[in-house]
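Colleague: Sharing my_file.txt, compact mmCIF, N, CA and C atoms:
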# COMPACT_ATOMS: atom_id res chain seq x y z
N ALA A 198 144.89 111.00 109.16
CA ALA A 198 145.60 110.38 110.28
C ALA A 198 144.68 109.44 111.05
N GLY A 199 143.53 109.96 111.51
CA GLY A 199 142.59 109.12 112.24
C GLY A 199 141.99 108.06 111.35
N SER A 200 141.75 108.41 110.10
CA SER A 200 141.19 107.45 109.16
C SER A 200 142.18 106.31 108.90
N ALA A 201 143.46 106.60 108.91
CA ALA A 201 144.49 105.56 108.72
C ALA A 201 144.47 104.58 109.89
N ALA A 202 144.22 105.07 111.10
CA ALA A 202 144.14 104.20 112.27
C ALA A 202 142.96 103.24 112.13
N VAL A 203 141.85 103.74 111.64
CA VAL A 203 140.68 102.89 111.43
C VAL A 203 140.99 101.85 110.35
N GLN A 204 141.65 102.28 109.29
CA GLN A 204 142.02 101.36 108.20
C GLN A 204 142.91 100.23 108.73
N ARG A 205 143.88 100.57 109.58
CA ARG A 205 144.78 99.54 110.14
C ARG A 205 144.01 98.51 110.95
N LEU A 206 142.97 98.94 111.67
CA LEU A 206 142.15 98.00 112.44
C LEU A 206 141.43 97.03 111.51
N PHE A 207 140.87 97.54 110.42
CA PHE A 207 140.22 96.65 109.45
C PHE A 207 141.23 95.68 108.85
N GLU A 208 142.39 96.19 108.44
CA GLU A 208 143.40 95.32 107.84
C GLU A 208 143.86 94.25 108.82
N GLY A 209 144.02 94.61 110.09
CA GLY A 209 144.43 93.64 111.11
C GLY A 209 143.41 92.53 111.29
N TYR A 210 142.14 92.89 111.22
CA TYR A 210 141.08 91.89 111.36
C TYR A 210 141.16 90.86 110.24
N PHE A 211 141.22 91.33 109.01
CA PHE A 211 141.26 90.41 107.88
C PHE A 211 142.55 89.59 107.88
N SER A 212 143.65 90.21 108.25
CA SER A 212 144.92 89.50 108.32
C SER A 212 144.87 88.38 109.36
N ALA A 213 144.30 88.68 110.53
CA ALA A 213 144.21 87.68 111.60
C ALA A 213 143.36 86.48 111.18
N LEU A 214 142.37 86.72 110.34
CA LEU A 214 141.52 85.63 109.85
C LEU A 214 142.12 84.93 108.64
N GLY A 215 143.19 85.49 108.07
CA GLY A 215 143.77 84.93 106.87
C GLY A 215 142.89 85.15 105.64
N VAL A 216 142.09 86.21 105.69
CA VAL A 216 141.18 86.53 104.59
C VAL A 216 141.83 87.60 103.71
N PRO A 217 141.89 87.38 102.41
CA PRO A 217 142.49 88.41 101.55
C PRO A 217 141.66 89.69 101.57
N SER A 218 142.34 90.79 101.55
CA SER A 218 141.67 92.10 101.49
C SER A 218 142.57 93.04 100.72
N GLU A 219 141.99 94.10 100.28
CA GLU A 219 142.75 95.10 99.55
C GLU A 219 142.16 96.47 99.86
N PRO A 220 143.01 97.42 100.24
CA PRO A 220 142.48 98.76 100.50
C PRO A 220 141.88 99.36 99.24
N SER A 221 140.80 100.09 99.41
CA SER A 221 140.23 100.80 98.28
C SER A 221 140.50 102.28 98.45
N PRO A 222 140.49 103.03 97.37
CA PRO A 222 140.77 104.46 97.48
C PRO A 222 139.83 105.12 98.48
N PHE A 223 140.40 105.92 99.35
CA PHE A 223 139.62 106.63 100.36
C PHE A 223 139.68 108.10 100.00
N ASN A 224 138.89 108.45 99.00
CA ASN A 224 139.02 109.76 98.38
C ASN A 224 137.80 110.65 98.54
N GLY A 225 136.88 110.26 99.41
CA GLY A 225 135.70 111.09 99.63
C GLY A 225 134.58 110.86 98.64
N ARG A 226 134.72 109.84 97.80
CA ARG A 226 133.75 109.58 96.74
C ARG A 226 132.40 109.12 97.28
N SER A 227 132.37 108.58 98.47
CA SER A 227 131.15 107.96 98.97
C SER A 227 130.52 108.79 100.09
N ASP A 228 129.66 108.15 100.87
CA ASP A 228 128.91 108.83 101.93
C ASP A 228 129.82 109.43 103.00
N TYR A 229 131.02 108.93 103.14
CA TYR A 229 131.93 109.44 104.17
C TYR A 229 132.62 110.74 103.76
N GLY A 230 132.48 111.14 102.51
CA GLY A 230 133.15 112.34 102.00
C GLY A 230 132.93 113.58 102.86
N PRO A 231 131.68 113.91 103.22
CA PRO A 231 131.47 115.11 104.04
C PRO A 231 132.15 115.03 105.41
N PHE A 232 132.26 113.84 105.97
CA PHE A 232 132.98 113.70 107.25
C PHE A 232 134.44 114.09 107.07
N LEU A 233 135.06 113.54 106.02
CA LEU A 233 136.47 113.85 105.76
C LEU A 233 136.66 115.34 105.49
N GLU A 234 135.72 115.95 104.76
CA GLU A 234 135.82 117.38 104.46
C GLU A 234 135.87 118.23 105.72
N HIS A 235 135.25 117.74 106.78
CA HIS A 235 135.21 118.48 108.04
C HIS A 235 136.23 117.96 109.04
N GLY A 236 137.17 117.13 108.58
CA GLY A 236 138.24 116.65 109.44
C GLY A 236 137.83 115.56 110.40
N ILE A 237 136.69 114.93 110.18
CA ILE A 237 136.22 113.87 111.06
C ILE A 237 136.74 112.54 110.52
N PRO A 238 137.52 111.81 111.32
CA PRO A 238 138.05 110.53 110.84
C PRO A 238 136.92 109.59 110.44
N ALA A 239 137.15 108.80 109.43
CA ALA A 239 136.15 107.87 108.93
C ALA A 239 136.85 106.58 108.51
N GLY A 240 136.08 105.57 108.33
CA GLY A 240 136.59 104.31 107.84
C GLY A 240 135.43 103.49 107.33
N GLY A 241 135.72 102.52 106.53
CA GLY A 241 134.62 101.71 106.03
C GLY A 241 135.12 100.57 105.17
N LEU A 242 134.16 99.86 104.64
CA LEU A 242 134.44 98.67 103.84
C LEU A 242 133.68 98.73 102.54
N ASP A 243 134.22 98.10 101.55
CA ASP A 243 133.44 97.80 100.36
C ASP A 243 133.84 96.41 99.91
N THR A 244 133.06 95.84 99.06
CA THR A 244 133.35 94.49 98.60
C THR A 244 133.63 94.47 97.10
N GLY A 245 134.18 95.57 96.62
CA GLY A 245 134.62 95.62 95.24
C GLY A 245 133.78 96.47 94.33
N ALA A 246 132.48 96.43 94.52
CA ALA A 246 131.56 97.23 93.72
C ALA A 246 131.85 97.06 92.23
N GLU A 247 132.03 98.19 91.54
CA GLU A 247 132.19 98.13 90.09
C GLU A 247 133.64 97.92 89.65
N LYS A 248 134.57 97.84 90.59
CA LYS A 248 135.98 97.65 90.25
C LYS A 248 136.14 96.34 89.46
N VAL A 249 136.92 96.40 88.41
CA VAL A 249 137.14 95.22 87.56
C VAL A 249 138.30 94.40 88.11
N LYS A 250 138.07 93.11 88.24
CA LYS A 250 139.09 92.17 88.72
C LYS A 250 140.03 91.79 87.59
N ASP A 251 141.31 91.95 87.85
CA ASP A 251 142.29 91.44 86.90
C ASP A 251 142.67 90.01 87.33
N MET A 252 143.60 89.40 86.64
CA MET A 252 143.98 88.02 86.95
C MET A 252 144.57 87.89 88.34
N GLU A 253 145.35 88.87 88.76
CA GLU A 253 145.94 88.81 90.10
C GLU A 253 144.85 88.86 91.17
N LEU A 254 143.87 89.73 91.00
CA LEU A 254 142.78 89.82 91.97
C LEU A 254 141.89 88.57 91.91
N ARG A 255 141.72 88.01 90.72
CA ARG A 255 140.96 86.76 90.60
C ARG A 255 141.65 85.67 91.41
N GLY A 256 142.97 85.62 91.35
CA GLY A 256 143.71 84.62 92.11
C GLY A 256 143.53 84.77 93.61
N ARG A 257 143.36 85.99 94.07
CA ARG A 257 143.19 86.25 95.51
C ARG A 257 141.75 86.08 95.97
N PHE A 258 140.80 86.51 95.14
CA PHE A 258 139.41 86.56 95.58
C PHE A 258 138.48 85.58 94.86
N GLY A 259 138.97 84.92 93.82
CA GLY A 259 138.12 84.00 93.08
C GLY A 259 137.24 84.73 92.08
N GLY A 260 136.33 83.99 91.47
CA GLY A 260 135.42 84.59 90.50
C GLY A 260 136.07 84.70 89.13
N LEU A 261 135.54 85.61 88.34
CA LEU A 261 136.00 85.78 86.97
C LEU A 261 136.90 87.00 86.85
N ALA A 262 137.89 86.90 85.97
CA ALA A 262 138.74 88.05 85.67
C ALA A 262 138.06 88.90 84.61
N ASN A 263 138.49 90.14 84.53
CA ASN A 263 138.01 91.10 83.53
C ASN A 263 136.49 91.36 83.63
N THR A 264 135.99 91.25 84.84
CA THR A 264 134.59 91.59 85.12
C THR A 264 134.55 92.28 86.48
N ALA A 265 133.49 93.00 86.73
CA ALA A 265 133.38 93.71 88.00
C ALA A 265 133.25 92.73 89.17
N PHE A 266 133.75 93.14 90.33
CA PHE A 266 133.55 92.34 91.53
C PHE A 266 132.05 92.07 91.70
N ASP A 267 131.25 93.09 91.50
CA ASP A 267 129.79 92.95 91.60
C ASP A 267 129.17 93.52 90.33
N PRO A 268 128.89 92.67 89.35
CA PRO A 268 128.30 93.16 88.10
C PRO A 268 126.95 93.83 88.30
N CYS A 269 126.29 93.60 89.42
CA CYS A 269 124.98 94.20 89.68
C CYS A 269 125.07 95.55 90.40
N TYR A 270 126.28 95.99 90.75
CA TYR A 270 126.44 97.24 91.50
C TYR A 270 125.72 98.39 90.81
N HIS A 271 124.75 98.97 91.51
CA HIS A 271 123.94 100.08 91.02
C HIS A 271 123.19 99.75 89.72
N GLN A 272 122.90 98.48 89.52
CA GLN A 272 122.14 98.04 88.35
C GLN A 272 120.78 97.51 88.82
N GLU A 273 119.93 97.20 87.88
CA GLU A 273 118.59 96.70 88.22
C GLU A 273 118.66 95.41 89.04
N CYS A 274 119.67 94.59 88.81
CA CYS A 274 119.79 93.32 89.54
C CYS A 274 120.39 93.49 90.94
N ASP A 275 120.69 94.72 91.36
CA ASP A 275 121.25 94.99 92.69
C ASP A 275 120.12 95.06 93.71
N ASP A 276 119.65 93.87 94.12
CA ASP A 276 118.55 93.79 95.07
C ASP A 276 118.87 92.74 96.13
N VAL A 277 117.91 92.38 96.93
CA VAL A 277 118.11 91.46 98.04
C VAL A 277 118.65 90.11 97.55
N ALA A 278 118.26 89.68 96.39
CA ALA A 278 118.74 88.41 95.85
C ALA A 278 120.23 88.45 95.54
N ASN A 279 120.81 89.64 95.48
CA ASN A 279 122.23 89.80 95.14
C ASN A 279 123.13 89.80 96.38
N ILE A 280 122.56 89.68 97.56
CA ILE A 280 123.36 89.72 98.79
C ILE A 280 124.15 88.43 98.94
N ALA A 281 125.45 88.57 99.16
CA ALA A 281 126.32 87.43 99.46
C ALA A 281 126.40 87.34 100.98
N PHE A 282 125.62 86.47 101.59
CA PHE A 282 125.48 86.46 103.04
C PHE A 282 126.77 86.10 103.78
N GLU A 283 127.63 85.26 103.19
CA GLU A 283 128.92 84.97 103.83
C GLU A 283 129.77 86.23 103.89
N GLU A 284 129.77 87.01 102.80
CA GLU A 284 130.52 88.27 102.78
C GLU A 284 129.92 89.28 103.75
N LEU A 285 128.61 89.33 103.81
CA LEU A 285 127.93 90.23 104.75
C LEU A 285 128.32 89.90 106.18
N GLN A 286 128.36 88.61 106.52
CA GLN A 286 128.76 88.20 107.86
C GLN A 286 130.22 88.57 108.14
N LEU A 287 131.09 88.39 107.17
CA LEU A 287 132.49 88.75 107.32
C LEU A 287 132.65 90.26 107.54
N MET A 288 131.93 91.05 106.74
CA MET A 288 132.01 92.51 106.87
C MET A 288 131.43 92.97 108.21
N ALA A 289 130.34 92.36 108.65
CA ALA A 289 129.75 92.71 109.95
C ALA A 289 130.72 92.39 111.07
N GLY A 290 131.43 91.28 110.97
CA GLY A 290 132.44 90.94 111.97
C GLY A 290 133.57 91.95 111.99
N ALA A 291 133.97 92.41 110.82
CA ALA A 291 135.04 93.42 110.74
C ALA A 291 134.60 94.73 111.40
N VAL A 292 133.38 95.14 111.11
CA VAL A 292 132.86 96.37 111.72
C VAL A 292 132.79 96.22 113.23
N ALA A 293 132.29 95.09 113.71
CA ALA A 293 132.20 94.85 115.15
C ALA A 293 133.59 94.89 115.79
N HIS A 294 134.57 94.30 115.13
CA HIS A 294 135.95 94.31 115.63
C HIS A 294 136.48 95.74 115.77
N VAL A 295 136.29 96.53 114.74
CA VAL A 295 136.78 97.91 114.76
C VAL A 295 136.06 98.72 115.83
N LEU A 296 134.75 98.60 115.90
CA LEU A 296 134.00 99.35 116.92
C LEU A 296 134.39 98.94 118.33
N GLN A 297 134.61 97.65 118.55
CA GLN A 297 135.05 97.18 119.86
C GLN A 297 136.40 97.80 120.22
N ASN A 298 137.31 97.81 119.27
CA ASN A 298 138.63 98.39 119.53
C ASN A 298 138.53 99.89 119.80
N LEU A 299 137.78 100.59 118.98
CA LEU A 299 137.66 102.03 119.17
C LEU A 299 136.96 102.36 120.48
N SER A 300 135.93 101.59 120.82
CA SER A 300 135.18 101.89 122.04
C SER A 300 135.98 101.60 123.31
N SER A 301 137.01 100.78 123.20
CA SER A 301 137.81 100.46 124.38
C SER A 301 139.18 101.14 124.36
N THR A 302 139.38 102.06 123.44
CA THR A 302 140.63 102.81 123.38
C THR A 302 140.56 103.96 124.39
N PRO A 303 141.46 103.96 125.40
CA PRO A 303 141.38 104.97 126.46
C PRO A 303 141.45 106.41 125.96
N ASP A 304 142.32 106.71 125.03
CA ASP A 304 142.46 108.07 124.55
C ASP A 304 142.14 108.13 123.06
N LEU A 305 140.88 107.84 122.76
CA LEU A 305 140.45 107.73 121.37
C LEU A 305 140.66 109.03 120.60
N ARG A 306 140.37 110.16 121.20
CA ARG A 306 140.55 111.44 120.49
C ARG A 306 142.00 111.62 120.08
N HIS A 307 142.92 111.25 120.95
CA HIS A 307 144.34 111.38 120.61
C HIS A 307 144.71 110.41 119.48
N MET A 308 144.24 109.16 119.59
CA MET A 308 144.56 108.17 118.57
C MET A 308 144.05 108.63 117.20
N LEU A 309 142.85 109.21 117.17
CA LEU A 309 142.27 109.66 115.91
C LEU A 309 142.64 111.09 115.55
N ARG A 310 143.48 111.70 116.40
CA ARG A 310 143.90 113.10 116.20
C ARG A 310 142.68 114.02 116.05
N PHE A 311 141.82 113.94 117.04
CA PHE A 311 140.56 114.66 117.07
C PHE A 311 140.49 115.34 118.42
N PRO A 312 140.00 116.50 118.69
CA PRO A 312 138.99 117.25 117.96
C PRO A 312 139.57 118.12 116.87
N LEU A 313 138.67 118.74 116.18
CA LEU A 313 139.00 119.58 115.05
C LEU A 313 139.35 120.98 115.52
N SER A 314 139.91 121.76 114.62
CA SER A 314 140.29 123.12 114.98
C SER A 314 139.14 124.12 114.81
N ALA A 315 138.15 123.82 114.00
CA ALA A 315 137.04 124.75 113.79
C ALA A 315 136.22 124.87 115.08
N PRO A 316 135.97 126.09 115.55
CA PRO A 316 135.28 126.27 116.84
C PRO A 316 133.94 125.55 116.94
N LEU A 317 133.08 125.61 115.92
CA LEU A 317 131.79 124.96 116.02
C LEU A 317 131.97 123.44 116.12
N HIS A 318 132.89 122.90 115.33
CA HIS A 318 133.11 121.46 115.39
C HIS A 318 133.67 121.06 116.74
N ARG A 319 134.60 121.84 117.28
CA ARG A 319 135.16 121.52 118.59
C ARG A 319 134.04 121.56 119.62
N ARG A 320 133.21 122.57 119.53
CA ARG A 320 132.11 122.70 120.47
C ARG A 320 131.15 121.52 120.34
N ALA A 321 130.82 121.15 119.12
CA ALA A 321 129.90 120.04 118.91
C ALA A 321 130.51 118.72 119.36
N ALA A 322 131.83 118.57 119.20
CA ALA A 322 132.47 117.32 119.56
C ALA A 322 132.66 117.16 121.06
N THR A 323 132.65 118.24 121.81
CA THR A 323 132.96 118.15 123.23
C THR A 323 131.80 118.53 124.14
N ALA A 324 130.80 119.22 123.63
CA ALA A 324 129.70 119.68 124.48
C ALA A 324 128.69 118.57 124.72
N PRO A 325 128.09 118.55 125.91
CA PRO A 325 127.00 117.59 126.13
C PRO A 325 125.87 117.87 125.16
N LEU A 326 125.19 116.84 124.71
CA LEU A 326 124.15 117.02 123.70
C LEU A 326 123.08 118.01 124.13
N LYS A 327 122.71 118.04 125.42
CA LYS A 327 121.65 118.93 125.87
C LYS A 327 122.04 120.40 125.70
N SER A 328 123.34 120.71 125.67
CA SER A 328 123.76 122.10 125.59
C SER A 328 123.92 122.61 124.16
N LEU A 329 123.75 121.74 123.18
CA LEU A 329 123.91 122.15 121.79
C LEU A 329 122.60 122.74 121.29
N PRO A 330 122.67 123.89 120.58
CA PRO A 330 121.45 124.51 120.07
C PRO A 330 120.94 123.82 118.80
N TYR A 331 119.77 123.22 118.87
CA TYR A 331 119.18 122.55 117.72
C TYR A 331 117.89 123.22 117.31
N GLN A 332 117.63 123.21 116.04
CA GLN A 332 116.33 123.57 115.49
C GLN A 332 115.90 122.35 114.68
N GLY A 333 114.98 121.58 115.20
CA GLY A 333 114.64 120.31 114.58
C GLY A 333 115.84 119.39 114.69
N SER A 334 116.27 118.85 113.59
CA SER A 334 117.43 117.97 113.60
C SER A 334 118.71 118.69 113.21
N HIS A 335 118.68 120.02 113.09
CA HIS A 335 119.84 120.77 112.61
C HIS A 335 120.53 121.53 113.74
N LEU A 336 121.84 121.37 113.85
CA LEU A 336 122.65 122.12 114.79
C LEU A 336 122.82 123.52 114.23
N VAL A 337 122.56 124.52 115.04
CA VAL A 337 122.73 125.89 114.59
C VAL A 337 123.82 126.57 115.41
N ALA A 338 124.51 127.50 114.79
CA ALA A 338 125.62 128.19 115.46
C ALA A 338 125.10 129.27 116.39
Please, can you express the file's structure as structure tokens?

Modeller:
Amino acid sequence: AGSAAVQRLFEGYFSALGVPSEPSPFNGRSDYGPFLEHGIPAGGLDTGAEKVKDMELRGRFGGLANTAFDPCYHQECDDVANIAFEELQLMAGAVAHVLQNLSSTPDLRHMLRFPLSAPLHRRAATAPLKSLPYQGSHLVA
């Protein structure tokens, strides 16, 4: 529920700019997976990675059909020289837009359907940081 709200903000940003976008599966496959497992809303962007572009996607995004959006994804050539700076700027603008919207939402917890039902998570989400028991960087119950 909360993750869908974040997704709509990203989609609205790209739509307002007239930039083609396509939702990618939000199935916990990436770094956000543990957040979703604990009921914490998440959202994010990718620029295609290893997904193969068909002719329809080529028409929307350009490039070659029947090849990955990023042939260097997780390959030896995936280094600083592989950064598409125009895309990076577009993605940074999208993130800034979403964060601005979320930070100015009066009842953000309600919009994201948060806090969680698990007592420790509720406590961690609502307690002042000084009152949480830490051992090093780990929260302990």

Colleague: For stretch 276-291 of chain A, find every residue with an atom within 10 Å (counting only C-alpha atoms), except residues of its own chain fewer than 5 positions away, and show them as JSON, numbers by chain.

Modeller: {"A": [206, 207, 208, 209, 210, 211, 214, 216, 241, 242, 243, 244, 267, 268, 269, 270, 271, 296, 297]}

Colleague: To one decimal in Å, tell me the separation between atom CA of A:Ile237 and atom CA of A:His307.

Modeller: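 Atom-to-atom, atom CA of A:Ile237 to atom CA of A:His307, that is 12.8 Å.
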
Colleague: Under the rule that all atoms listed in the file are counted, which of A:His294, A:Phe266, A:Phe223, A:Pro217 is the nearest residue to A:Gly245?

Modeller: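 Between A:His294, A:Phe266, A:Phe223, A:Pro217, the residue approaching A:Gly245 most closely is A:Phe266.
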
Colleague: Please run DSSP on the backbone and report, as number ranges by chain, all residues within chain A that come out as helix (DSSP H, G or I).

Modeller: A: 199-214, 230-234, 252-258, 277-279, 282-300, 305-308, 316-323, 326-328

Colleague: What is the atom N of A:Arg255 to atom C of A:Glu219 distance in Å?

Modeller: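 Answer for the atom N of A:Arg255 to atom C of A:Glu219 separation: 12.5 Å.
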
Colleague: Any idea what the distance is between atom CA of A:Leu309 and atom CA of A:Ala201?

Modeller: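 Between these atoms lies a distance of 8.6 Å.
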
Colleague: Write out as a VMD selection string the residues lying within 7 Å of A:Gly199, counting all atoms listed in the file and excluding same-chain residues fewer than 4 positions away.

Modeller: chain A and resid 203 to 204 237 to 239 308 to 311

Colleague: Let's see if you can do this: from backbone DSSP, list all strand (DSSP E) residues in chain A, as a ChimeraX atom specification.

Modeller: /A:249-250,264-265,331-332,335-336

Colleague: Since we have the selection now, will you write its residues out, keeping N, CA and C atoms, as a PDB file, keeping the file's coordinate frame?

Modeller:
ATOM      1  N   VAL A 249     136.920  96.400  88.410  1.00  0.00           N
ATOM      2  CA  VAL A 249     137.140  95.220  87.560  1.00  0.00           C
ATOM      3  C   VAL A 249     138.300  94.400  88.110  1.00  0.00           C
ATOM      4  N   LYS A 250     138.070  93.110  88.240  1.00  0.00           N
ATOM      5  CA  LYS A 250     139.090  92.170  88.720  1.00  0.00           C
ATOM      6  C   LYS A 250     140.030  91.790  87.590  1.00  0.00           C
ATOM      7  N   THR A 264     135.990  91.250  84.840  1.00  0.00           N
ATOM      8  CA  THR A 264     134.590  91.590  85.120  1.00  0.00           C
ATOM      9  C   THR A 264     134.550  92.280  86.480  1.00  0.00           C
ATOM     10  N   ALA A 265     133.490  93.000  86.730  1.00  0.00           N
ATOM     11  CA  ALA A 265     133.380  93.710  88.000  1.00  0.00           C
ATOM     12  C   ALA A 265     133.250  92.730  89.170  1.00  0.00           C
ATOM     13  N   TYR A 331     119.770 123.220 118.870  1.00  0.00           N
ATOM     14  CA  TYR A 331     119.180 122.550 117.720  1.00  0.00           C
ATOM     15  C   TYR A 331     117.890 123.220 117.310  1.00  0.00           C
ATOM     16  N   GLN A 332     117.630 123.210 116.040  1.00  0.00           N
ATOM     17  CA  GLN A 332     116.330 123.570 115.490  1.00  0.00           C
ATOM     18  C   GLN A 332     115.900 122.350 114.680  1.00  0.00           C
ATOM     19  N   HIS A 335     118.680 120.020 113.090  1.00  0.00           N
ATOM     20  CA  HIS A 335     119.840 120.770 112.610  1.00  0.00           C
ATOM     21  C   HIS A 335     120.530 121.530 113.740  1.00  0.00           C
ATOM     22  N   LEU A 336     121.840 121.370 113.850  1.00  0.00           N
ATOM     23  CA  LEU A 336     122.650 122.120 114.790  1.00  0.00           C
ATOM     24  C   LEU A 336     122.820 123.520 114.230  1.00  0.00           C
TER      25      LEU A 336
END

Colleague: Within 6 Å of A:Val249, counting all atoms listed in the file, which residues qualify if same-chain residues fewer than 2 places away don't, as a ChimeraX atom specification?

Modeller: /A:247,251,263-266
